[in-house]
Amino acid sequence: MSENSSPNPELLELCRAVYADIRAAISFLEGTNEADEFMFIGADGTDTKRIDLAAEDAMIKRFKESGRSVRIISEELGETIIGDVNNLEFAVIVDPLDGTTNAIHDIPFYSVSIAFSKPDLTGIYFGYVCNLANGDEFYAEAGKGAYMNGKKITSSKASTVRELTISAYGYRQNTDRAAKLCSRVQKVRVLGSVALELCYVAAGKIDAFIDVRRTLRLIDIGAGQLIVKEAGGIVTDGVGNKVFLPDNHIKPVNLVASNGAVHQEILNLITFPEIDCRGDWYYYQGTVKKIAIVSRCDSEAALEMIRKIVDTFKDRVEIYLSSSPAKYLNMEERGIAVGKMKDIGVDFVISLGGDGTILRNMSKMPDPIPILGINMGTLGFLADVDPEDAIQAIETAISGFMYDERPRLDLSINGKFIGNAINEVVATSAYPAKMITYEILVNRRLLGEIRADGIVFATPTGSTAYAMSAGGPIVTPEVDAILIVPIAPFKLSSRPWVVPFDSEITVRVKMPNKEIVVVTDGKVVTPPEIETERPEDFIHVNENDTITIKRARYPGRFVKFSDACFYDTVRKKLS
């Protein structure tokens with residue numbers, strides 16, 4: 001990296017000189033008992049150890065030798081003025097040794113942290129952090145990006161809490177808040193140097209840093225927070241407010257730093273206990289430029305809603321309609337097949353109707369576009385926006401939205417892919433009131449032979465639909481499982497099963513000269529090349545055929561706005 005492209009090379013060289021002096025001053029103390037010797041209570045109210053004092057003295061000496069007039073805020077000595085008090089060049093906020101315990105025990109993760117601001121401590125414009133154990137160097141200047149070892153860095157791309165690797169503090173003081181978050185993420189790393197951990201967020205090595213101990217001050221986060229923001233991340237206090245850094249010199253705060261995409265999700269988990277009963281949400285990556293509408297066509301209210309949406313938003317985004325409503329409304333120029341919407345870049349789909357409208361149209365999408373459901377049907381478990389709120393919901397979504405992912409099922413017959421289901425796959429007798437014996441295998445192991453009118457294989461999303469009517473349990477969306485529910489079984493011992501969603505389920509008919517039909521999300525399965533649903537066009541399955549059900553590659557996606565609890569939704573819809 002050339003000197004011309006470096007953020008403020010003069011300040012960078014000064015920071016490197018401070019680092020070198022501290023590095024030399026503590027080299028004989030690292031990993032020794034002498035390093036842990038108590039000296040006095042520091043300005044921040046914590047114990048100052050011998051190794052802390054050695055680092056602080058080296059830092060002060062370097063700034064004195066620089067010949068600058070500087071206001072220094074440091075961990076051990078508090079505030080120090082060097083040079084002309086009436087002509088200060090800048091303030092410098094320094095933690096000469098962040099991670100003292102690691103240094104004492106020779107754990108190679110401790111650092112020097114230096115931030116430069118205006119003399120009144122406002123407007124931090126340069127931050128520098130360097131690992132005193134291995135020399136990894138991070139720095140940033142406001143508006144010029146962040147760097148690690150001379151190379152520009154950006155925060156991670158993780159977009160859901162479940163996939164995060166985080167650093168989180170606060171177990172003893174805030175067990176309920178920190179534990180709730182830690183139980184959701186992929187990995188937790190508590191490394192012992194706040195400044196470095198913030199830099200690791202900036203570099204994408206960890207996805208988020210959370211400290212809810214209410215102990216962090218300006219010296220702890222001054223440099224690191226700037227580096228995170230310059231790398232594209234977000235830094236707030238524990239409830240999402242901007243961190244006012246000058247106040248931190250006196251008043252400690254909680255801190256959340258993340259890549260941005262997961263920030264609100266983290267805040268929800270550490271702030272609101274009622275958020276527990278729903279799964280992960282994802283932030284839509286991109287600008288909304290194209291939307292599409294699918295709708296029932298037997299409702300004048302739904303057709304009128306289409307006209308209203310088109311009139312309201314046609315000058316802001318491109319609007320498409322699925323083929324049937326486009327024809328009904330004489331808007332053929334906006335018409336497009338549902339299966340082609342993803343190809344032209346539609347960002348989200350508005351569904352006007354009930355859950356059936358969503359299910360029918362999602363089945364036409366191999367890799368579903370997020371669907372915003374406006375409930376113009378009956379129950380509306382999936383279509384959860386009321387008509388009177390439709391325009392405001394669309395307004396919000398166009399500005400940026402979150403969506404929920406729900407796993408779907410893949411259906412194959414004799415090895416040939418037939419289709420997907422977001423709710424359920426049902427195998428049932430081709431002739432009413434005729435019982436069939438079904439052989440069911442899970443991962444090639446025999447679950448059992450069940451004699452019944454049919455079998456429902458449901459997702460958690462579908463647990464409140466046909467599976468519930470057949471006597472199956474209601475399952476919350478975050479449970480990764482498939483329900484196997486017999487319909488009117490002959491034996492009282494034939495009870496519902498819950499198996500892992502990654503299972504491969506095989507179904508065979510065990511009675512000669514008997515046929516079943518297969519239904520996906522309420523639609524009787526027909527051969528892929530046939531679009532009609534006349535009885536003679538149904539796929540009939542007999543004892544020579546094998547049905548296979550497994551997790552679909554692509555999930556269903558639903559635009560979400562509220563933090564409504566799943567339990568509340570069930571009570572409301574089924575009361």
# chains A, B, ... in the order shown; residues from 1 in each chain; ligands from 1
call {"tool": "residues_around", "arguments": {"residues": "Gly99 of chain A", "least_positions_apart": "6", "cutoff": "10 Å", "atoms": "only C-alpha atoms", "output": "PyMOL selection string"}}
result
chain A and resi 52+107-112+131-132+191-196
call {"tool": "write_last_selection", "arguments": {"atoms": "N, CA, C and O atoms", "output": "short mmCIF file (atom, residue, chain, number, x, y, z; two decimals), in the first residue's frame"}}
result
data_model
loop_
_atom_site.label_atom_id
_atom_site.label_comp_id
_atom_site.auth_asym_id
_atom_site.auth_seq_id
_atom_site.Cartn_x
_atom_site.Cartn_y
_atom_site.Cartn_z
N ASP A 52 0.26 -2.68 33.00
CA ASP A 52 -0.54 -1.54 32.53
C ASP A 52 0.24 -0.24 32.65
O ASP A 52 0.24 0.61 31.74
N ILE A 107 -1.48 -14.97 26.74
CA ILE A 107 -2.45 -15.34 25.71
C ILE A 107 -2.36 -14.28 24.63
O ILE A 107 -2.59 -13.10 24.90
N PRO A 108 -2.00 -14.63 23.41
CA PRO A 108 -1.62 -13.62 22.40
C PRO A 108 -2.79 -12.85 21.80
O PRO A 108 -3.03 -12.86 20.60
N PHE A 109 -3.54 -12.14 22.66
CA PHE A 109 -4.66 -11.35 22.18
C PHE A 109 -4.83 -10.14 23.10
O PHE A 109 -5.69 -10.11 23.97
N TYR A 110 -3.98 -9.13 22.93
CA TYR A 110 -4.05 -7.89 23.67
C TYR A 110 -3.49 -6.79 22.79
O TYR A 110 -2.69 -7.06 21.88
N SER A 111 -3.93 -5.57 23.03
CA SER A 111 -3.68 -4.55 22.02
C SER A 111 -3.48 -3.16 22.62
O SER A 111 -3.76 -2.92 23.79
N VAL A 112 -3.03 -2.25 21.75
CA VAL A 112 -3.05 -0.82 22.03
C VAL A 112 -4.15 -0.23 21.17
O VAL A 112 -4.32 -0.60 20.01
N ASN A 131 -2.48 -5.39 17.58
CA ASN A 131 -2.28 -6.53 18.47
C ASN A 131 -0.82 -6.54 18.94
O ASN A 131 0.09 -6.70 18.13
N LEU A 132 -0.62 -6.36 20.24
CA LEU A 132 0.74 -6.29 20.79
C LEU A 132 1.43 -7.65 20.79
O LEU A 132 2.65 -7.72 20.99
N LEU A 191 -12.95 -13.17 23.65
CA LEU A 191 -11.51 -13.15 23.41
C LEU A 191 -10.73 -12.27 24.38
O LEU A 191 -9.52 -12.41 24.52
N GLY A 192 -11.38 -11.31 25.07
CA GLY A 192 -10.71 -10.59 26.14
C GLY A 192 -10.04 -9.30 25.78
O GLY A 192 -9.31 -8.75 26.60
N SER A 193 -10.27 -8.77 24.56
CA SER A 193 -9.74 -7.46 24.19
C SER A 193 -10.79 -6.77 23.34
O SER A 193 -10.94 -7.08 22.15
N VAL A 194 -11.53 -5.84 23.94
CA VAL A 194 -12.64 -5.20 23.26
C VAL A 194 -12.20 -4.53 21.96
O VAL A 194 -12.85 -4.66 20.92
N ALA A 195 -11.10 -3.80 22.00
CA ALA A 195 -10.64 -3.07 20.82
C ALA A 195 -10.37 -4.02 19.66
O ALA A 195 -10.78 -3.78 18.52
N LEU A 196 -9.68 -5.13 19.95
CA LEU A 196 -9.38 -6.09 18.89
C LEU A 196 -10.64 -6.79 18.39
O LEU A 196 -10.78 -7.05 17.19
#
call {"tool": "residues_around", "arguments": {"residues": "segment 484-501 of chain A", "least_positions_apart": "5", "cutoff": "9 Å", "atoms": "only C-alpha atoms", "output": "PDB file with C-alpha atoms, in the first residue's frame"}}
result
ATOM      1  CA  PRO A 407     -38.553 -24.950   4.679  1.00  0.00           C
ATOM      2  CA  LEU A 409     -40.829 -30.336   0.903  1.00  0.00           C
ATOM      3  CA  THR A 428     -54.782 -40.573   0.221  1.00  0.00           C
ATOM      4  CA  MET A 435     -58.461 -47.615   3.567  1.00  0.00           C
ATOM      5  CA  VAL A 442     -37.359 -42.813   7.200  1.00  0.00           C
ATOM      6  CA  ILE A 450     -50.029 -47.770   8.773  1.00  0.00           C
ATOM      7  CA  ARG A 451     -53.542 -48.674   7.636  1.00  0.00           C
ATOM      8  CA  ALA A 452     -55.522 -45.461   7.216  1.00  0.00           C
ATOM      9  CA  ASP A 453     -57.510 -43.302   4.814  1.00  0.00           C
ATOM     10  CA  GLY A 454     -54.327 -41.351   4.148  1.00  0.00           C
ATOM     11  CA  ILE A 455     -51.120 -39.880   5.540  1.00  0.00           C
ATOM     12  CA  VAL A 456     -50.195 -36.198   5.934  1.00  0.00           C
ATOM     13  CA  PHE A 457     -46.503 -35.231   5.716  1.00  0.00           C
ATOM     14  CA  ALA A 458     -46.420 -31.664   7.004  1.00  0.00           C
ATOM     15  CA  THR A 459     -43.893 -28.905   7.613  1.00  0.00           C
ATOM     16  CA  ALA A 467     -52.121 -31.981   9.811  1.00  0.00           C
ATOM     17  CA  MET A 468     -53.841 -30.263  12.729  1.00  0.00           C
ATOM     18  CA  ALA A 470     -56.051 -34.892  11.284  1.00  0.00           C
ATOM     19  CA  GLY A 471     -54.973 -34.785  14.937  1.00  0.00           C
ATOM     20  CA  GLY A 472     -51.345 -33.728  14.596  1.00  0.00           C
ATOM     21  CA  PRO A 473     -49.522 -31.322  16.931  1.00  0.00           C
ATOM     22  CA  VAL A 479     -38.645 -26.453  14.933  1.00  0.00           C
ATOM     23  CA  LYS A 550     -37.412 -34.676   1.513  1.00  0.00           C
ATOM     24  CA  ARG A 551     -36.287 -31.116   2.218  1.00  0.00           C
TER      25      ARG A 551
END
call {"tool": "residues_around", "arguments": {"residues": "segment 123-126 of chain A", "least_positions_apart": "6", "cutoff": "6 Å", "atoms": "only C-alpha atoms", "output": "list in words"}}
result
Ala115, Phe116, Ser117, Ala140, Glu141 and Ala142 of chain A
call {"tool": "closest_residue", "arguments": {"among": "A:Thr461, A:Ala103, A:Arg508, A:Leu198", "to": "Gly448 of chain A", "atoms": "only C-alpha atoms"}}
result
A:Arg508
